[in-house]
>>> print(open('target36.cif').read())   # mmCIF, C-alpha atoms and all ligand atoms
data_data
#
loop_
_atom_site.label_atom_id
_atom_site.label_comp_id
_atom_site.auth_asym_id
_atom_site.auth_seq_id
_atom_site.Cartn_x
_atom_site.Cartn_y
_atom_site.Cartn_z
CA MET H 1 13.87 -18.35 2.44
CA ARG H 2 10.31 -19.19 3.58
CA LYS H 3 7.73 -20.05 0.93
CA ALA H 4 5.73 -16.87 1.58
CA GLU H 5 8.87 -14.78 1.13
CA GLN H 6 9.69 -16.63 -2.09
CA LEU H 7 6.26 -15.81 -3.53
CA LYS H 8 6.78 -12.14 -2.67
CA GLN H 9 10.16 -12.17 -4.36
CA ILE H 10 8.77 -13.86 -7.50
CA VAL H 11 5.95 -11.34 -7.99
CA ALA H 12 8.28 -8.42 -7.25
CA LYS H 13 10.74 -9.59 -9.91
CA GLU H 14 7.94 -9.92 -12.46
CA ALA H 15 6.72 -6.39 -11.65
CA VAL H 16 10.10 -4.87 -12.45
CA ASN H 17 9.53 -5.95 -16.08
CA TYR H 18 6.75 -3.32 -16.23
CA VAL H 19 9.27 -0.56 -15.57
CA LYS H 20 10.56 1.15 -18.70
CA ASP H 21 13.48 3.49 -19.27
CA GLY H 22 12.71 7.11 -18.36
CA MET H 23 9.72 6.32 -16.15
CA LYS H 24 8.77 8.28 -13.05
CA LEU H 25 7.69 5.74 -10.46
CA GLY H 26 5.69 5.63 -7.26
CA LEU H 27 7.43 3.27 -4.85
CA GLY H 28 5.13 1.52 -2.38
CA SER H 29 5.85 0.09 1.05
CA GLY H 30 5.92 -3.29 2.74
CA SER H 31 7.87 -6.53 2.54
CA THR H 32 6.89 -7.34 -1.07
CA MET H 33 8.14 -3.90 -2.07
CA TYR H 34 11.44 -4.64 -0.36
CA PHE H 35 12.11 -7.31 -3.00
CA PHE H 36 10.94 -4.95 -5.74
CA MET H 37 13.33 -2.24 -4.58
CA LYS H 38 16.21 -4.69 -4.48
CA GLU H 39 15.52 -5.90 -8.03
CA LEU H 40 14.95 -2.34 -9.28
CA GLY H 41 18.30 -1.34 -7.78
CA GLU H 42 19.99 -4.10 -9.78
CA ARG H 43 18.38 -2.89 -13.00
CA VAL H 44 19.45 0.68 -12.20
CA ASN H 45 23.01 -0.54 -11.66
CA ASN H 46 22.75 -2.12 -15.12
CA GLY H 47 21.78 1.20 -16.73
CA LEU H 48 18.00 1.54 -16.33
CA LYS H 49 17.12 5.24 -15.95
CA ILE H 50 14.20 5.98 -13.63
CA VAL H 51 13.31 8.19 -10.68
CA GLY H 52 10.89 7.33 -7.91
CA ILE H 53 8.86 8.88 -5.13
CA PRO H 54 8.86 6.70 -2.00
CA THR H 55 5.69 6.17 0.06
CA SER H 56 7.46 5.76 3.40
CA ASN H 57 10.68 6.59 5.19
CA LYS H 58 11.49 2.87 5.07
CA THR H 59 11.15 2.72 1.28
CA ALA H 60 13.35 5.84 1.01
CA GLU H 61 15.94 4.02 3.11
CA TRP H 62 15.82 0.98 0.81
CA ALA H 63 16.16 3.30 -2.20
CA ARG H 64 19.36 4.69 -0.72
CA ASP H 65 20.63 1.17 0.09
CA PHE H 66 19.95 -0.10 -3.44
CA HIS H 67 20.93 3.12 -5.30
CA VAL H 68 17.46 3.84 -6.67
CA PRO H 69 17.29 7.59 -7.53
CA LEU H 70 14.53 9.50 -5.75
CA THR H 71 12.56 12.63 -6.55
CA ASP H 72 9.66 14.43 -4.90
CA PHE H 73 6.41 16.17 -5.73
CA SER H 74 8.07 19.61 -5.93
CA LYS H 75 9.81 18.37 -9.09
CA THR H 76 7.14 16.17 -10.65
CA GLN H 77 3.42 15.89 -10.07
CA GLU H 78 2.58 13.08 -12.50
CA LEU H 79 4.01 9.59 -12.21
CA ASP H 80 3.99 7.01 -15.00
CA LEU H 81 3.57 3.97 -12.79
CA ALA H 82 3.09 3.33 -9.08
CA ILE H 83 3.85 -0.14 -7.71
CA ASP H 84 2.72 -1.35 -4.31
CA GLY H 85 1.70 -4.35 -2.25
CA ALA H 86 -1.69 -4.87 -0.59
CA ASP H 87 -3.23 -6.63 2.39
CA GLU H 88 -6.39 -7.76 0.57
CA VAL H 89 -7.56 -7.70 -3.05
CA ASP H 90 -11.17 -8.44 -4.04
CA PRO H 91 -12.45 -9.61 -7.46
CA ASN H 92 -13.16 -5.98 -8.49
CA LEU H 93 -9.55 -4.96 -7.75
CA GLN H 94 -10.60 -3.03 -4.65
CA LEU H 95 -7.96 -3.14 -1.94
CA ILE H 96 -7.26 -2.94 1.73
CA LYS H 97 -3.83 -1.43 2.36
CA GLY H 98 -2.03 0.06 5.32
CA GLY H 99 -0.88 -3.02 7.19
CA GLY H 100 2.53 -1.36 7.26
CA GLY H 101 1.03 1.99 8.26
CA ALA H 102 1.95 3.85 5.06
CA LEU H 103 -1.55 4.11 3.58
CA LEU H 104 -1.76 7.91 3.32
CA ARG H 105 1.40 8.43 1.29
CA GLU H 106 0.63 5.26 -0.67
CA LYS H 107 -2.75 6.69 -1.67
CA VAL H 108 -1.33 10.12 -2.59
CA VAL H 109 1.30 8.44 -4.75
CA ALA H 110 -1.11 5.96 -6.40
CA ALA H 111 -3.54 8.79 -7.15
CA SER H 112 -0.75 10.69 -8.92
CA ALA H 113 0.16 7.81 -11.21
CA LYS H 114 -1.19 7.02 -14.67
CA GLU H 115 -1.06 3.29 -13.82
CA PHE H 116 -1.24 1.59 -10.43
CA LEU H 117 0.27 -1.90 -10.37
CA VAL H 118 -0.40 -4.03 -7.28
CA ILE H 119 1.82 -6.97 -6.42
CA VAL H 120 0.68 -9.73 -4.06
CA ASP H 121 0.99 -13.42 -3.40
CA GLU H 122 -2.17 -15.50 -3.66
CA SER H 123 -2.88 -15.37 0.11
CA LYS H 124 -4.05 -11.75 -0.34
CA ILE H 125 -6.90 -12.59 -2.73
CA VAL H 126 -10.34 -12.57 -1.05
CA GLU H 127 -13.98 -12.82 -2.07
CA HIS H 128 -14.94 -9.89 0.21
CA LEU H 129 -12.72 -7.32 1.87
CA GLY H 130 -12.71 -7.08 5.66
CA LYS H 131 -11.09 -10.11 7.18
CA PHE H 132 -7.96 -7.98 7.47
CA PRO H 133 -8.77 -5.15 9.92
CA LEU H 134 -9.08 -1.91 7.95
CA PRO H 135 -6.35 0.59 8.89
CA VAL H 136 -7.65 4.14 9.34
CA GLU H 137 -5.20 7.01 9.85
CA ILE H 138 -6.52 9.62 12.27
CA VAL H 139 -5.14 12.74 13.93
CA PRO H 140 -4.04 12.17 17.54
CA PHE H 141 -6.06 15.13 18.88
CA GLY H 142 -9.43 13.83 20.08
CA TRP H 143 -8.69 10.36 18.79
CA GLU H 144 -11.16 8.82 21.24
CA VAL H 145 -14.01 10.84 19.69
CA THR H 146 -12.96 9.86 16.17
CA ALA H 147 -12.71 6.20 17.22
CA ASN H 148 -16.29 6.31 18.55
CA LYS H 149 -17.55 7.78 15.28
CA ILE H 150 -15.78 5.08 13.30
CA ALA H 151 -17.15 2.37 15.62
CA ALA H 152 -20.66 3.64 14.85
CA LEU H 153 -20.08 2.54 11.23
CA GLY H 154 -20.14 -1.07 12.47
CA CYS H 155 -16.62 -2.04 13.48
CA GLU H 156 -14.33 -2.47 16.45
CA PRO H 157 -11.47 0.04 16.16
CA GLU H 158 -8.24 -0.67 18.00
CA ARG H 159 -5.45 1.85 18.25
CA ARG H 160 -2.32 0.29 16.75
CA ILE H 161 0.36 -0.56 19.29
CA VAL H 162 3.80 -1.80 18.21
CA ASN H 163 6.34 -3.08 20.75
CA ASP H 164 4.21 -1.68 23.60
CA ASN H 165 4.25 1.80 22.04
CA VAL H 166 1.47 3.66 20.28
CA TYR H 167 2.29 3.45 16.58
CA ILE H 168 2.93 6.84 14.95
CA THR H 169 2.80 7.12 11.17
CA ASP H 170 5.39 8.94 9.05
CA ASN H 171 2.88 11.83 9.10
CA GLY H 172 2.69 11.96 12.91
CA ASN H 173 -0.76 10.36 13.14
CA TYR H 174 -2.34 7.30 14.79
CA ILE H 175 -3.69 4.20 13.07
CA LEU H 176 -6.92 2.53 14.15
CA ASP H 177 -7.20 -1.07 12.96
CA CYS H 178 -10.93 -1.54 12.41
CA LYS H 179 -12.45 -5.01 12.37
CA PHE H 180 -15.56 -5.08 10.19
CA ASP H 181 -17.57 -8.26 9.66
CA LYS H 182 -17.41 -8.08 5.90
CA ILE H 183 -17.00 -5.02 3.69
CA THR H 184 -19.57 -5.53 0.92
CA GLU H 185 -19.68 -1.90 -0.28
CA PRO H 186 -16.12 -0.56 -0.17
CA GLU H 187 -16.96 2.65 -2.04
CA LYS H 188 -19.76 3.55 0.40
CA LEU H 189 -17.62 2.78 3.45
CA ASN H 190 -14.72 4.78 2.00
CA ASN H 191 -17.01 7.81 1.54
CA GLU H 192 -18.43 7.45 5.05
CA LEU H 193 -14.99 7.25 6.63
CA GLN H 194 -13.64 10.18 4.60
CA SER H 195 -16.55 12.36 5.75
CA LEU H 196 -15.60 12.01 9.45
CA VAL H 197 -13.70 14.86 11.09
CA GLY H 198 -10.42 13.54 12.48
CA VAL H 199 -9.99 10.89 9.79
CA VAL H 200 -6.99 11.63 7.60
CA ASP H 201 -7.44 8.67 5.25
CA ASN H 202 -8.26 5.00 5.28
CA GLY H 203 -6.85 1.83 3.76
CA LEU H 204 -9.63 1.25 1.22
CA PHE H 205 -8.21 1.84 -2.25
CA VAL H 206 -11.36 2.06 -4.36
CA ASN H 207 -11.28 2.16 -8.17
CA MET H 208 -7.58 2.99 -8.20
CA THR H 209 -5.94 -0.25 -9.36
CA SER H 210 -4.98 -0.80 -13.01
CA LYS H 211 -3.58 -4.31 -12.69
CA VAL H 212 -2.76 -6.91 -10.02
CA LEU H 213 0.08 -9.43 -10.32
CA ILE H 214 -0.54 -12.51 -8.16
CA SER H 215 2.09 -15.13 -7.47
CA ASN H 216 1.38 -18.75 -6.61
CA PRO H 217 3.92 -21.59 -6.52
CA GLU H 218 3.37 -22.31 -10.25
CA GLN H 219 3.09 -18.92 -11.91
CA VAL H 220 2.40 -15.19 -11.75
CA LYS H 221 -1.17 -14.41 -12.82
CA VAL H 222 -2.48 -11.05 -14.03
CA MET H 223 -5.84 -9.61 -12.94
CA ASP H 224 -7.10 -6.44 -14.67
C1 LIG H 301 1.82 -0.83 3.82
C2 LIG H 301 0.99 -1.60 2.87
C3 LIG H 301 1.58 -2.82 2.27
O1 LIG H 301 1.56 -2.71 0.90
C4 LIG H 301 0.76 -3.99 2.70
O2 LIG H 301 0.70 -4.01 4.12
C5 LIG H 301 1.35 -5.31 2.19
O3 LIG H 301 2.57 -5.53 2.82
P1 LIG H 301 3.45 -6.82 2.57
O4 LIG H 301 4.01 -6.73 1.21
O5 LIG H 301 4.49 -6.75 3.67
O6 LIG H 301 2.56 -8.03 2.76
O7 LIG H 301 -0.12 -1.25 2.55
O8 LIG H 301 1.12 0.26 4.35
#
>>> encode(input="target36.cif", output="structure tokens")
Amino acid sequence: MRKAEQLKQIVAKEAVNYVKDGMKLGLGSGSTMYFFMKELGERVNNGLKIVGIPTSNKTAEWARDFHVPLTDFSKTQELDLAIDGADEVDPNLQLIKGGGGALLREKVVAASAKEFLVIVDESKIVEHLGKFPLPVEIVPFGWEVTANKIAALGCEPERRIVNDNVYITDNGNYILDCKFDKITEPEKLNNELQSLVGVVDNGLFVNMTSKVLISNPEQVKVMD
């Protein structure tokens, strides 16, 4: 396994220790969460009782593969703990997410949880957000107009293309990856983006994170 993968696996294993019997979980998306789901599945096989709401079709697939029981918001509207990866984490625990395109469901799930635990390797820690292009989920209708409005906020939006095809989210929308110079006021930018017609949500997770676990080759550190 590559070193980067190992660090993801280490932090994911540590995060499973935060899961207690009877909890209702939010299950994030991305490659770090893959390792979390695998480890959680092992604990479930050993008797741990939990249910989870997945943030993407991919995570739901992993849950089925690893025998992690799922539920949905028709049965429960408050989660005890949501766990998820991130693309960038700043010193105030503000995040950029959505590299995997699941930002909308990830935000709905994180906002429904009493605690939001973020798991990353040390490469995701930054002084200022913005080196990673900010994913913004927009409705396909009139996307060119919405892209122009977002560009006027000071970035270069690019519609996400994967394998030569326009990327479509689990919600049937497009993603614009928006390159800002540096995001010094995440809360302000989040509000500006959310006020634009055509924007469904964006990858800034502002004032949502309870705790971040960060793996480096020596240890797993906690930031809260
Ligand atoms: C998906 C996400 C992921 O959490 C984020 O992209 C980090 O992914 P990975 O664990 O693969 O580095 O926000 O929408």
>>> atom_distance(input="target36.cif", atom1="CA of Arg105 (chain H)", atom2="CA of Ile119 (chain H)")
17.2 Å
>>> atom_distance(input="target36.cif", atom1="CA of Tyr174 (chain H)", atom2="CA of Phe205 (chain H)")
18.8 Å
>>> atom_distance(input="target36.cif", atom1="CA of Asp90 (chain H)", atom2="CA of Val200 (chain H)")
23.6 Å
>>> axis_aligned_box(input="target36.cif", around="region 75-89 of chain H", padding_each_side="5 Å", output="lines of an AutoDock Vina configuration file")
center_x = 1.1
center_y = 5.3
center_z = -6.3
size_x = 27.4
size_y = 36.1
size_z = 27.4
>>> closest_residue(input="target36.cif", among="H:Ile50, H:Val109, H:Val11, H:Val162", to="Gly28 (chain H)", atoms="all atoms listed in the file")
H:Val109
>>> residues_near_point(input="target36.cif", point="(-8.8, -11.2, 0.3)", cutoff="7 Å", atoms="only C-alpha atoms", output="ChimeraX atom specification")
/H:88-90,124-129
>>> closest_residue(input="target36.cif", among="H:Cys155, H:Leu70, H:Val44, H:Ala86", to="ligand LIG 301 (chain H)", atoms="all atoms listed in the file")
H:Ala86
>>> residues_near_ligand(input="target36.cif", ligand="ligand LIG 301 (chain H)", cutoff="9 Å", atoms="all atoms listed in the file", output="ChimeraX atom specification")
/H:8,28-34,55-56,84-88,96-106,118-121,124,135,203
>>> residues_around(input="target36.cif", residues="region 179-189 of chain H", least_positions_apart="2", cutoff="7 Å", atoms="all atoms listed in the file", output="PyMOL selection string")
chain H and resi 128-131+133-134+154-157+177+191-193+204+206
>>> closest_residue(input="target36.cif", among="H:Ile138, H:Ala12, H:Ala113, H:Val145", to="Tyr167 (chain H)", atoms="all atoms listed in the file")
H:Ile138
>>> residues_around(input="target36.cif", residues="Ala82 (chain H)", least_positions_apart="2", cutoff="6 Å", atoms="all atoms listed in the file", output="number ranges by chain")
H: 25-26, 110, 113, 116
>>> write_last_selection(input="target36.cif", atoms="C-alpha atoms", output="PDB file, in the frame of the given file")
ATOM      1  CA  LEU H  25       7.690   5.740 -10.460  1.00  0.00           C
ATOM      2  CA  GLY H  26       5.690   5.630  -7.260  1.00  0.00           C
ATOM      3  CA  ALA H 110      -1.110   5.960  -6.400  1.00  0.00           C
ATOM      4  CA  ALA H 113       0.160   7.810 -11.210  1.00  0.00           C
ATOM      5  CA  PHE H 116      -1.240   1.590 -10.430  1.00  0.00           C
TER       6      PHE H 116
END
>>> closest_residue(input="target36.cif", among="H:Asn17, H:Gln9, H:Asn57, H:Thr209", to="Lys38 (chain H)", atoms="only C-alpha atoms")
H:Gln9
>>> decode(input="target36.cif", residues="region 125-165 of chain H", atoms="N, CA and C atoms", output="PDB file, in the first residue's frame")
ATOM      1  N   ILE H 125      -3.887  19.674   5.628  1.00  0.00           N
ATOM      2  CA  ILE H 125      -3.866  20.822   6.543  1.00  0.00           C
ATOM      3  C   ILE H 125      -3.224  22.021   5.841  1.00  0.00           C
ATOM      4  N   VAL H 126      -3.938  23.162   5.836  1.00  0.00           N
ATOM      5  CA  VAL H 126      -3.446  24.358   5.143  1.00  0.00           C
ATOM      6  C   VAL H 126      -3.572  25.580   6.052  1.00  0.00           C
ATOM      7  N   GLU H 127      -2.798  26.603   5.729  1.00  0.00           N
ATOM      8  CA  GLU H 127      -2.887  27.871   6.468  1.00  0.00           C
ATOM      9  C   GLU H 127      -4.164  28.618   6.033  1.00  0.00           C
ATOM     10  N   HIS H 128      -4.382  28.667   4.712  1.00  0.00           N
ATOM     11  CA  HIS H 128      -5.575  29.302   4.136  1.00  0.00           C
ATOM     12  C   HIS H 128      -6.234  28.344   3.156  1.00  0.00           C
ATOM     13  N   LEU H 129      -7.556  28.313   3.169  1.00  0.00           N
ATOM     14  CA  LEU H 129      -8.267  27.492   2.188  1.00  0.00           C
ATOM     15  C   LEU H 129      -8.098  28.087   0.790  1.00  0.00           C
ATOM     16  N   GLY H 130      -8.206  27.261  -0.235  1.00  0.00           N
ATOM     17  CA  GLY H 130      -8.300  27.798  -1.593  1.00  0.00           C
ATOM     18  C   GLY H 130      -7.316  27.261  -2.596  1.00  0.00           C
ATOM     19  N   LYS H 131      -6.274  26.584  -2.123  1.00  0.00           N
ATOM     20  CA  LYS H 131      -5.368  25.982  -3.099  1.00  0.00           C
ATOM     21  C   LYS H 131      -6.128  24.882  -3.870  1.00  0.00           C
ATOM     22  N   PHE H 132      -6.911  24.135  -3.129  1.00  0.00           N
ATOM     23  CA  PHE H 132      -7.793  23.129  -3.740  1.00  0.00           C
ATOM     24  C   PHE H 132      -8.990  23.879  -4.353  1.00  0.00           C
ATOM     25  N   PRO H 133      -9.263  23.689  -5.636  1.00  0.00           N
ATOM     26  CA  PRO H 133     -10.387  24.408  -6.246  1.00  0.00           C
ATOM     27  C   PRO H 133     -11.696  24.067  -5.525  1.00  0.00           C
ATOM     28  N   LEU H 134     -12.452  25.111  -5.187  1.00  0.00           N
ATOM     29  CA  LEU H 134     -13.680  24.915  -4.403  1.00  0.00           C
ATOM     30  C   LEU H 134     -14.791  24.316  -5.278  1.00  0.00           C
ATOM     31  N   PRO H 135     -15.286  23.123  -4.914  1.00  0.00           N
ATOM     32  CA  PRO H 135     -16.394  22.547  -5.675  1.00  0.00           C
ATOM     33  C   PRO H 135     -17.713  23.249  -5.338  1.00  0.00           C
ATOM     34  N   VAL H 136     -18.450  23.619  -6.374  1.00  0.00           N
ATOM     35  CA  VAL H 136     -19.763  24.242  -6.178  1.00  0.00           C
ATOM     36  C   VAL H 136     -20.769  23.430  -6.995  1.00  0.00           C
ATOM     37  N   GLU H 137     -21.810  22.945  -6.315  1.00  0.00           N
ATOM     38  CA  GLU H 137     -22.835  22.156  -7.016  1.00  0.00           C
ATOM     39  C   GLU H 137     -23.904  23.103  -7.538  1.00  0.00           C
ATOM     40  N   ILE H 138     -24.189  23.007  -8.824  1.00  0.00           N
ATOM     41  CA  ILE H 138     -25.169  23.922  -9.434  1.00  0.00           C
ATOM     42  C   ILE H 138     -26.174  23.120 -10.270  1.00  0.00           C
ATOM     43  N   VAL H 139     -27.345  23.714 -10.488  1.00  0.00           N
ATOM     44  CA  VAL H 139     -28.319  23.017 -11.345  1.00  0.00           C
ATOM     45  C   VAL H 139     -27.867  23.140 -12.795  1.00  0.00           C
ATOM     46  N   PRO H 140     -28.100  22.083 -13.597  1.00  0.00           N
ATOM     47  CA  PRO H 140     -27.668  22.130 -14.999  1.00  0.00           C
ATOM     48  C   PRO H 140     -28.338  23.255 -15.801  1.00  0.00           C
ATOM     49  N   PHE H 141     -29.635  23.531 -15.512  1.00  0.00           N
ATOM     50  CA  PHE H 141     -30.333  24.551 -16.303  1.00  0.00           C
ATOM     51  C   PHE H 141     -29.657  25.915 -16.108  1.00  0.00           C
ATOM     52  N   GLY H 142     -29.252  26.509 -17.222  1.00  0.00           N
ATOM     53  CA  GLY H 142     -28.631  27.839 -17.166  1.00  0.00           C
ATOM     54  C   GLY H 142     -27.275  27.851 -16.496  1.00  0.00           C
ATOM     55  N   TRP H 143     -26.576  26.736 -16.554  1.00  0.00           N
ATOM     56  CA  TRP H 143     -25.333  26.638 -15.787  1.00  0.00           C
ATOM     57  C   TRP H 143     -24.307  27.697 -16.202  1.00  0.00           C
ATOM     58  N   GLU H 144     -24.373  28.116 -17.476  1.00  0.00           N
ATOM     59  CA  GLU H 144     -23.411  29.110 -17.957  1.00  0.00           C
ATOM     60  C   GLU H 144     -23.612  30.445 -17.225  1.00  0.00           C
ATOM     61  N   VAL H 145     -24.893  30.790 -16.988  1.00  0.00           N
ATOM     62  CA  VAL H 145     -25.217  32.035 -16.280  1.00  0.00           C
ATOM     63  C   VAL H 145     -24.708  31.955 -14.835  1.00  0.00           C
ATOM     64  N   THR H 146     -24.969  30.808 -14.206  1.00  0.00           N
ATOM     65  CA  THR H 146     -24.538  30.626 -12.811  1.00  0.00           C
ATOM     66  C   THR H 146     -23.008  30.682 -12.731  1.00  0.00           C
ATOM     67  N   ALA H 147     -22.337  30.064 -13.705  1.00  0.00           N
ATOM     68  CA  ALA H 147     -20.865  30.073 -13.709  1.00  0.00           C
ATOM     69  C   ALA H 147     -20.335  31.504 -13.813  1.00  0.00           C
ATOM     70  N   ASN H 148     -20.983  32.331 -14.628  1.00  0.00           N
ATOM     71  CA  ASN H 148     -20.540  33.735 -14.753  1.00  0.00           C
ATOM     72  C   ASN H 148     -20.696  34.477 -13.429  1.00  0.00           C
ATOM     73  N   LYS H 149     -21.806  34.202 -12.749  1.00  0.00           N
ATOM     74  CA  LYS H 149     -22.045  34.889 -11.464  1.00  0.00           C
ATOM     75  C   LYS H 149     -21.000  34.465 -10.429  1.00  0.00           C
ATOM     76  N   ILE H 150     -20.660  33.193 -10.459  1.00  0.00           N
ATOM     77  CA  ILE H 150     -19.649  32.696  -9.510  1.00  0.00           C
ATOM     78  C   ILE H 150     -18.287  33.291  -9.862  1.00  0.00           C
ATOM     79  N   ALA H 151     -17.980  33.368 -11.153  1.00  0.00           N
ATOM     80  CA  ALA H 151     -16.694  33.941 -11.589  1.00  0.00           C
ATOM     81  C   ALA H 151     -16.547  35.382 -11.090  1.00  0.00           C
ATOM     82  N   ALA H 152     -17.678  36.109 -11.042  1.00  0.00           N
ATOM     83  CA  ALA H 152     -17.636  37.507 -10.597  1.00  0.00           C
ATOM     84  C   ALA H 152     -17.233  37.628  -9.123  1.00  0.00           C
ATOM     85  N   LEU H 153     -17.253  36.515  -8.396  1.00  0.00           N
ATOM     86  CA  LEU H 153     -16.804  36.541  -6.992  1.00  0.00           C
ATOM     87  C   LEU H 153     -15.277  36.422  -6.899  1.00  0.00           C
ATOM     88  N   GLY H 154     -14.618  36.278  -8.061  1.00  0.00           N
ATOM     89  CA  GLY H 154     -13.141  36.308  -8.059  1.00  0.00           C
ATOM     90  C   GLY H 154     -12.493  34.952  -8.252  1.00  0.00           C
ATOM     91  N   CYS H 155     -13.107  34.101  -9.071  1.00  0.00           N
ATOM     92  CA  CYS H 155     -12.487  32.791  -9.301  1.00  0.00           C
ATOM     93  C   CYS H 155     -12.634  32.384 -10.763  1.00  0.00           C
ATOM     94  N   GLU H 156     -11.978  31.277 -11.077  1.00  0.00           N
ATOM     95  CA  GLU H 156     -12.135  30.697 -12.422  1.00  0.00           C
ATOM     96  C   GLU H 156     -12.884  29.374 -12.286  1.00  0.00           C
ATOM     97  N   PRO H 157     -14.180  29.360 -12.606  1.00  0.00           N
ATOM     98  CA  PRO H 157     -14.931  28.106 -12.476  1.00  0.00           C
ATOM     99  C   PRO H 157     -14.730  27.208 -13.699  1.00  0.00           C
ATOM    100  N   GLU H 158     -14.560  25.942 -13.432  1.00  0.00           N
ATOM    101  CA  GLU H 158     -14.465  24.963 -14.538  1.00  0.00           C
ATOM    102  C   GLU H 158     -15.458  23.847 -14.296  1.00  0.00           C
ATOM    103  N   ARG H 159     -16.269  23.572 -15.313  1.00  0.00           N
ATOM    104  CA  ARG H 159     -17.238  22.490 -15.124  1.00  0.00           C
ATOM    105  C   ARG H 159     -16.480  21.175 -15.014  1.00  0.00           C
ATOM    106  N   ARG H 160     -16.825  20.356 -14.019  1.00  0.00           N
ATOM    107  CA  ARG H 160     -16.082  19.104 -13.809  1.00  0.00           C
ATOM    108  C   ARG H 160     -16.370  18.098 -14.926  1.00  0.00           C
ATOM    109  N   ILE H 161     -15.290  17.571 -15.463  1.00  0.00           N
ATOM    110  CA  ILE H 161     -15.375  16.547 -16.510  1.00  0.00           C
ATOM    111  C   ILE H 161     -14.629  15.318 -15.983  1.00  0.00           C
ATOM    112  N   VAL H 162     -15.233  14.152 -16.077  1.00  0.00           N
ATOM    113  CA  VAL H 162     -14.558  12.924 -15.655  1.00  0.00           C
ATOM    114  C   VAL H 162     -14.631  11.922 -16.802  1.00  0.00           C
ATOM    115  N   ASN H 163     -13.483  11.396 -17.184  1.00  0.00           N
ATOM    116  CA  ASN H 163     -13.406  10.460 -18.325  1.00  0.00           C
ATOM    117  C   ASN H 163     -14.117  11.012 -19.562  1.00  0.00           C
ATOM    118  N   ASP H 164     -13.860  12.251 -19.878  1.00  0.00           N
ATOM    119  CA  ASP H 164     -14.428  12.930 -21.065  1.00  0.00           C
ATOM    120  C   ASP H 164     -15.938  13.175 -20.981  1.00  0.00           C
ATOM    121  N   ASN H 165     -16.541  12.885 -19.816  1.00  0.00           N
ATOM    122  CA  ASN H 165     -17.978  13.147 -19.672  1.00  0.00           C
ATOM    123  C   ASN H 165     -18.207  14.210 -18.604  1.00  0.00           C
TER     124      ASN H 165
END
